[in-house]
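**Q** Structure in structure tokens, see below.
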Amino acid sequence: MSLVKNLALQVLTLLKHLWALVCDLSGFSRGLLAIIRFEIKRVTTPGRAFWWVFVAIFPIVIACLLRYVVEPQVRENIQNAVIHQQMMIEQNQNQQIIVPATSGDQSGMGQLPPGAQLQPGQAQPMAAPPPIGSNRDQLYTVALYLLGPSIACMLGALLIAAPAIASELEQHSWIYLATRPNGVFFLVAGKYIVAVMWAFSATLIGVTGGAMICGQEYNSALSIPGPQKLQLSLSQLNSSVGVDDEFALTMSVTNQSQSAINDVQLRVRHTYEFKLTDLAEKKRDNRGSRLVESIATLGPGETKSVDIRILAEKATGNQVGRITAMMDYPETPSPVSVVESIQIFKESPPTFFWRVVILIATAFFAAIAYSALYLVIGALFPARAMVFCVAYTIGAEGILSMLPAVVNRLTVQYRLRSFLFHHLQDGSGVSEGVGDALLVTGGADQPLWILIHAAICLGVSLLIVLSREFTTAAESDV
């Protein structure tokens with residue numbers, strides 16, 4: 001009973017302080033602004049400024065490494081793998097290949113159906129290279145989220161908010177602040193606002209710079225060059241497509257070589273959401289594609305375009321489906337396929353600007369949540385604030401948030417991931433597969449949950465500093 005009574009008294013004391021502040025708004029503004037100005041001067045010293053620059057450039061440096069080191073290597077590895085497979089087929093063209101009947105139906109992946117045979121000299125059809133445009137943008141979006149709101153913003157809040165109480169105790173200024181009218185309240189509120197500003201400003205620079213470096217190439221696909229210099233393009237004539245709408249795509253092929261190319265076959269493959277109006281009667285080949293047109297001869301510099309009418313029958317969210325165009329060279333010993341693909345949407349896909357805005361908004365909510373969280377941990381354990389904050393970050397935000405259980409909803413990371421997924425998934429900025437991997441459900445109410453979380457943490461921090469008797473003596477002197 002005594003514990004409940006003391007807690008009730010502390011809540012009444014806090015409400016009394018808040019009412020006094022409301023009645024004296026001029027004094028409230030003067031006191032709070034004084035703390036904010038002083039803390040801004042403190043965090044702009046050379047030492048703190050160095051850490052601000054470090055937090056800001058960290059996402060930019062990692063984004064540069066991903067964009068200019070990792071991505072070219074991944075593209076090269078994919079191309080080398082496909083070209084190596086083609087060379088192996090050519091070297092073994094005198095062998096007969098029998099696909100086991102137990103291998104399962106892989107006809108939709110560019111492989112032969114079970115039980116089929118390859119005669120000597122016949123090449124196994126190649127699987128379509130992955131459409132890395134959308135996958136690339138999704139990976140960069142998740143990477144920038146991890147680098148910005150999850151790491152940079154968390155680190156910024158840790159450096160400023162966690163030692164907020166401990167720094168005043170070490171400098172022996174706590175007694176002076178505690179004896180001033182509403183001094184402790186101004187201290188907690190002012191340090192919290194400065195921590196949010198410090199963490200968010202650094203993350204803003206990092207996320208914006210990283211996004212500018214990564215860029216966007218949403219509907220691009222990886223084209224594997226063949227022995228002939230042919231260029232294949234696939235364009236959507238309609239800006240958006242709804243269910244039960246019929247739309248058109250244009251396939252264009254250009255001969256960029258100095259000689260004519262014979263027997264060029266244009267094929268198209270689509271996901272289950274579509275129905276090819278013009279090609280419904282044509283049979284699929286072992287890659288699941290249908291022949292659109294066979295070009296007997298394509299002269300030097302000549303371009304051939306074909307329109308395809310397609311009916312959209314289904315949709316998942318904003319995604320309607322994917323159309324893949326293929327162009328074959330049957331005259332070569334090993335037929336080479338150049339592949340292009342395009343994603344079809346009910347609405348326009350997310351723009352580069354929208355992606356950056358959502359990432360910045362996520363960083364803002366991360367700064368609000370983590371600054372309040374680290375502030376309450378610093379008030380509970382002022383002597384070991386950084387240690388407990390790091391332990392909580394690793395245990396709760398790092399491990400607990402990724403557990404497939406309801407308990408992960410208590411973490412800030414879950415709310416931030418859900419906010420990001422909700423605002424990008426509708427525009428296919430993040431696919432459902434990525435959302436499942438991040439263990440999120442989405443929802444427009446995530447900002448409200450984050451604000452409630454921050455308000456609770458700030459309220460607990462004020463209750464602690466108003467009720468607890470802190471000591472400025474070293475632990476060894478006690």
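Ordering of the structure tokens sets the chain letters (A, B, ...), residue numbers begin anew at 1 in every chain, and ligands are numbered from 1 in the order given.
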Near stretch 449-461 of chain A, within 7 Å and counting only C-alpha atoms, which residues show up once chain neighbours fewer than 6 positions away are dropped, as a list in words?

**A**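 My reading of the contact set: Phe365, Ile368, Ala369, Ala372, Leu373, Leu375, Val376, Ala379 and Arg415 of chain A.
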
**Q** Could those selected residues go to a file with N, CA and C atoms, as a CSV table (one decimal), in the first residue's frame?

**A**
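Everything below was put into part.csv:
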```csv
chain,number,residue,atom,x,y,z
A,365,PHE,N,10.5,9.6,-36.6
A,365,PHE,CA,9.8,8.9,-35.6
A,365,PHE,C,10.8,8.0,-34.8
A,368,ILE,N,12.3,10.4,-32.2
A,368,ILE,CA,11.4,10.6,-31.1
A,368,ILE,C,11.4,9.5,-30.1
A,369,ALA,N,11.3,8.3,-30.7
A,369,ALA,CA,11.1,7.1,-29.8
A,369,ALA,C,12.4,6.7,-29.1
A,372,ALA,N,13.4,9.2,-26.2
A,372,ALA,CA,12.6,9.0,-25.0
A,372,ALA,C,13.0,7.7,-24.3
A,373,LEU,N,13.2,6.7,-25.1
A,373,LEU,CA,13.6,5.4,-24.5
A,373,LEU,C,14.9,5.4,-23.7
A,375,LEU,N,16.4,8.0,-22.6
A,375,LEU,CA,16.3,9.0,-21.5
A,375,LEU,C,15.7,8.3,-20.2
A,376,VAL,N,14.7,7.5,-20.4
A,376,VAL,CA,14.2,6.8,-19.2
A,376,VAL,C,15.2,5.8,-18.7
A,379,ALA,N,17.7,7.7,-16.7
A,379,ALA,CA,17.2,8.1,-15.4
A,379,ALA,C,17.1,6.9,-14.4
A,415,ARG,N,7.6,-1.2,-34.8
A,415,ARG,CA,6.7,0.0,-35.2
A,415,ARG,C,7.3,0.7,-36.4
```

**Q** Skipping near chain neighbours, those fewer than 6 positions away, what residues fall within 6 Å of stretch 159-173 of chain A using only C-alpha atoms, listed as a list in words?

**A**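 The residues satisfying every condition are Ala195, Ser371, Tyr374, Leu375, Gly378, Pro382, Ala385 and Thr472 of chain A.
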
**Q** With only C-alpha atoms as the counted atoms, please give the residues lying no more than 7 Å from stretch 138-150 of chain A, apart from itself and same-chain residues fewer than 6 positions off, as a PyMOL selection string.

**A** chain A and resi 59+203+206-207+210+214+359+362-363+366+429-430

**Q** Kindly export the residues of the current selection with N, CA and C atoms, as a PDB file, in the first residue's frame.

**A**
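Output file part_29.pdb is given in full below:
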```pdb
ATOM      1  N   PRO A  59      25.867   6.280 -43.057  1.00  0.00           N
ATOM      2  CA  PRO A  59      25.036   5.683 -44.123  1.00  0.00           C
ATOM      3  C   PRO A  59      25.540   6.013 -45.518  1.00  0.00           C
ATOM      4  N   THR A 203      20.739  11.871 -39.069  1.00  0.00           N
ATOM      5  CA  THR A 203      20.137  10.816 -39.884  1.00  0.00           C
ATOM      6  C   THR A 203      19.557  11.375 -41.171  1.00  0.00           C
ATOM      7  N   GLY A 206      22.364  11.639 -43.595  1.00  0.00           N
ATOM      8  CA  GLY A 206      22.813  10.314 -44.015  1.00  0.00           C
ATOM      9  C   GLY A 206      21.844   9.622 -44.955  1.00  0.00           C
ATOM     10  N   VAL A 207      20.549   9.649 -44.628  1.00  0.00           N
ATOM     11  CA  VAL A 207      19.554   8.974 -45.469  1.00  0.00           C
ATOM     12  C   VAL A 207      19.419   9.667 -46.817  1.00  0.00           C
ATOM     13  N   GLY A 210      22.603   8.956 -48.829  1.00  0.00           N
ATOM     14  CA  GLY A 210      22.621   7.564 -49.266  1.00  0.00           C
ATOM     15  C   GLY A 210      21.614   7.284 -50.362  1.00  0.00           C
ATOM     16  N   CYS A 214      22.334   5.845 -54.149  1.00  0.00           N
ATOM     17  CA  CYS A 214      21.742   4.588 -54.625  1.00  0.00           C
ATOM     18  C   CYS A 214      20.865   4.805 -55.845  1.00  0.00           C
ATOM     19  N   LEU A 359      11.491   7.381 -45.849  1.00  0.00           N
ATOM     20  CA  LEU A 359      12.676   7.067 -45.047  1.00  0.00           C
ATOM     21  C   LEU A 359      12.975   8.187 -44.057  1.00  0.00           C
ATOM     22  N   THR A 362      10.445   8.023 -41.287  1.00  0.00           N
ATOM     23  CA  THR A 362      10.804   6.921 -40.389  1.00  0.00           C
ATOM     24  C   THR A 362      11.935   7.327 -39.454  1.00  0.00           C
ATOM     25  N   ALA A 363      12.913   8.061 -39.987  1.00  0.00           N
ATOM     26  CA  ALA A 363      14.013   8.546 -39.149  1.00  0.00           C
ATOM     27  C   ALA A 363      13.515   9.521 -38.088  1.00  0.00           C
ATOM     28  N   ALA A 366      11.878   7.558 -35.420  1.00  0.00           N
ATOM     29  CA  ALA A 366      12.916   6.827 -34.692  1.00  0.00           C
ATOM     30  C   ALA A 366      13.611   7.735 -33.687  1.00  0.00           C
ATOM     31  N   GLY A 429       6.894  -0.543 -53.314  1.00  0.00           N
ATOM     32  CA  GLY A 429       8.253  -0.173 -52.968  1.00  0.00           C
ATOM     33  C   GLY A 429       8.928  -1.264 -52.161  1.00  0.00           C
ATOM     34  N   VAL A 430       8.138  -2.003 -51.388  1.00  0.00           N
ATOM     35  CA  VAL A 430       8.631  -3.161 -50.646  1.00  0.00           C
ATOM     36  C   VAL A 430       7.624  -4.274 -50.867  1.00  0.00           C
TER      37      VAL A 430
END
```

**Q** Between atom CA of A:Leu249 and atom CA of A:Ile308, measure the distance and give it in Å to one decimal.

**A** 5.2 Å

**Q** Tell me which of A:Gly31, A:Tyr414, A:Thr471, A:Gln446 sits closest to A:Phe185, counting only C-alpha atoms.

**A**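 Selected residue with least distance to A:Phe185: A:Gly31.
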
**Q** Check the smallest atom-to-atom distance from each of A:Arg67, A:Lys191, A:Arg180, A:Arg417 to A:Ile35 using only C-alpha atoms, then report the winner.

**A**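 Going through A:Arg67, A:Lys191, A:Arg180, A:Arg417 one by one, the smallest distance to A:Ile35 is for A:Lys191.
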